[in-house]
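Q: Let me begin by handing over the structure; questions about it come next.
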Amino acid sequence: MSANSTNTSAPVRKAVIPVAGRGTRFLPATKAMPKEMLPVVDKPAVEYVVEEVSGAGITDVLLVTGRGKGAIEDHFDHTRELETALERKGDTEKLEAVKRSTNLAHIHFVRQGEPKGLGHAVLQGKDHVAGEPFAVLLGDDLIDARDPLLTDMIAVRERLGGSVVALLEVDPAQINLYGAAAVEGVEATGIGSLGEGDVVRVTELVEKPPVDEAPSNLAVIGRYVLDPAVFGVLENTAPGRGGEIQLTDALQTLAGMDPAEGGGVYGVVFRGRRYDTGDKLDYLKAVVQLACDREDLGPDFGAWLGEYVARRRVELGSDPDAAGRAAEPVPGTPSAR
């Protein structure tokens, strides 16, 4: 089967994760460190994404890298010296944490060469995917492990064929920051954990439209399950917005193609927990949210955070009544024990 062929009955066994971006929003931290390696609590963002892939039953992962991304390859490789040192110390907890990233999946790497857009990055996976449907995940969007978004998207692909994108309702004033979708209803009950209205047919996709021209407030977020027909489309997709090859433009073409040729695009409207690490403020929010949910960190960190917010209100003069609350230890914190 050629890499441009489509196999509608094949299972989704492979994932492509583009990690070649420059990370300029996080300079100077990303001057020498890939943005995907910035820690979210105590794991780099890219590890959360590979964990999500593994949790959906996919064990073959291709990371599309670029210049200066060697730390990502090192992270998913064995570090014999560190592992040996931890074994000698008897620190089994840290040893398992170090080994975990290496054992999540069979991980491969290919270089994009030069960043020409998300569509171009996905195209680098053509030979590796070899004619099979595959998942694409972007590292800016972290999906909570308790929400089986990717698993549900794979189930939609298996039931309906075509390609599947994740959609999120956003503030209409913010839709110009995303790809926007026009949709229509589809009968697709009993798929995964999805309910009525969670699956739609995508009829139009526009990359970062002006607010007054957006077809809806349904934004495409960084999860895709793609038919291999996308490669033939991408090879013939001219540079679009920003002079880059846009995956959104290729999906727009797929939406109008015959299903027998790999056409058709469906959307899963996501209503779960998403952590956006795409800019500094949202990154900080993601760290706080995930830390508060941790069993080992959440109770003490959450209590401290409550105290800190109360003190800040006093300092800023926005909540005079908080003075007494800030002076008293919060139950569950070390100072209250």
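In the structure tokens, chains take the letters A, B, ... in the order shown, each chain's residues start at 1, and ligands count up from 1 in the order shown.
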Taking a cut-off of 8 Å and counting only C-alpha atoms, can you build a table that, for each residue of segment 27-118 of chain A near segment 137-149 of chain A, reports the nearest atom pair and how far apart they are in Å (one decimal), sorted by chain then residue number, as CSV?
A:
residue,atom,partner,partner_atom,distance
A:Glu36,CA,A:Gly139,CA,6.7
A:Ala45,CA,A:Gly139,CA,6.5
A:Val46,CA,A:Gly139,CA,5.8
A:Tyr48,CA,A:Leu142,CA,6.9
A:Val49,CA,A:Gly139,CA,6.3
A:Glu52,CA,A:Ala145,CA,6.6
A:Gly55,CA,A:Ala145,CA,8.0
A:Ala56,CA,A:Pro148,CA,7.6
Q: Any idea what's packed within 12 Å of Asn236 of chain A, counting only C-alpha atoms, ignoring anything in its chain fewer than 5 positions away? Could you give it as JSON, numbers by chain?
A: {"A": [119, 120, 123, 229, 230, 231, 245, 246, 247, 249, 250, 253]}
Q: In Å, how far is it from atom CA of Leu177 of chain A to atom CA of Lys285 of chain A?
A: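 Separation between atom CA of Leu177 of chain A and atom CA of Lys285 of chain A: 18.5 Å.
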Q: Check which residues of segment 236-314 of chain A sit at most 6 Å from segment 157-176 of chain A using only C-alpha atoms, and return one row each with the closest pair of atoms and their distance in Å to one decimal, ordered by chain and rising number, as a tab-separated table.
A:
residue	atom	partner	partner_atom	distance
A:Gly262	CA	A:Gly162	CA	5.4
A:Gly263	CA	A:Gly162	CA	5.3
A:Gly264	CA	A:Gly162	CA	4.8
A:Val265	CA	A:Ser163	CA	4.8
A:Tyr266	CA	A:Val164	CA	4.7
A:Gly267	CA	A:Val165	CA	4.8
A:Val268	CA	A:Ala166	CA	5.0
A:Val269	CA	A:Leu167	CA	4.7
A:Phe270	CA	A:Leu168	CA	5.5
Q: Could you turn the residues from that selection into a file that holds C-alpha atoms, as a PDB file, in the first residue's frame?
A:
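File produced: out-v1.pdb:
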ATOM      1  CA  GLY A 262     -10.307   9.133   2.704  1.00  0.00           C
ATOM      2  CA  GLY A 263     -12.525  12.197   2.791  1.00  0.00           C
ATOM      3  CA  GLY A 264     -14.858  13.429   5.467  1.00  0.00           C
ATOM      4  CA  VAL A 265     -13.974  15.250   8.680  1.00  0.00           C
ATOM      5  CA  TYR A 266     -15.724  14.801  12.012  1.00  0.00           C
ATOM      6  CA  GLY A 267     -15.354  16.719  15.238  1.00  0.00           C
ATOM      7  CA  VAL A 268     -15.454  15.650  18.874  1.00  0.00           C
ATOM      8  CA  VAL A 269     -16.633  18.537  21.048  1.00  0.00           C
ATOM      9  CA  PHE A 270     -14.419  18.334  24.119  1.00  0.00           C
TER      10      PHE A 270
END
Q: In Å, rounded to a single decimal, give me how far atom CA of Gly68 of chain A is from atom CA of Ala32 of chain A.
A: 7.3 Å
Q: Among the residues of segment 66-249 of chain A, find those DSSP assigns to helix (DSSP H, G or I) from the backbone and print them as JSON, numbers by chain.
A: {"A": [70, 71, 72, 73, 74, 75, 80, 81, 82, 83, 84, 85, 86, 87, 88, 89, 92, 93, 94, 95, 96, 97, 98, 99, 100, 101, 102, 103, 118, 119, 120, 121, 122, 123, 126, 127, 128, 129, 149, 150, 151, 152, 153, 154, 155, 156, 157, 158, 159, 160, 172, 173, 174, 175, 176, 177, 211, 212, 213, 229, 230, 231, 232, 233, 234, 235, 241, 242, 243, 247, 248, 249]}
Q: Just checking: using only C-alpha atoms, which residue out of A:Arg294, A:Val12, A:Ser101, A:Val183 ends up closest to Val156 of chain A?
A: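 For Val156 of chain A, the nearest of the candidates is A:Val12.
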Q: Under the rule that only C-alpha atoms are counted, which of A:Pro18, A:Gly195, A:Gly117, A:Gly70 is the nearest residue to Met33 of chain A?
A: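 Once distances to Met33 of chain A are computed over only C-alpha atoms, the minimum belongs to A:Gly70.
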Q: Hey, what does DSSP flag as strand (DSSP E) within segment 24-230 of chain A? Can you give it to me as an NGL selection string?
A: :A and (39-40 or 43-44 or 60-65 or 106-111 or 134-137 or 141-143 or 163-169 or 179-185 or 199-207 or 218-226)
Q: Which residue gives the smallest distance to Asn103 of chain A among A:Ala155, A:Ile191, A:Cys292, A:Val61, with only C-alpha atoms counted?
A: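 Counting only C-alpha atoms, the residue closest to Asn103 of chain A is A:Val61.
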Q: Can you work out which one of A:Asp282, A:Glu114, A:Glu235, A:Glu196 has the shortest atom-to-atom distance to Phe26 of chain A, counting only C-alpha atoms?
A: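 Looking only at the distances to Phe26 of chain A, the closest residue turns out to be A:Asp282.
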Q: If you measure from atom CA of Tyr308 of chain A to atom CA of Arg273 of chain A, what distance in Å do you get, rounded to one decimal?
A: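 For atom CA of Tyr308 of chain A relative to atom CA of Arg273 of chain A, the distance reads 24.8 Å.
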Q: In terms of the shortest atom-to-atom distance over only C-alpha atoms, which of A:Asp60, A:Glu307, A:Glu204, A:Asp300 is closest to Leu254 of chain A?
A: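 Among the listed residues, the smallest separation from Leu254 of chain A belongs to A:Glu204.
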Q: Of the candidates A:His78, A:Gln112, A:Asp276, A:Val53, which one gets nearest to Glu96 of chain A if we count only C-alpha atoms?
A: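 Using only C-alpha atoms, Glu96 of chain A sits closest to A:His78.
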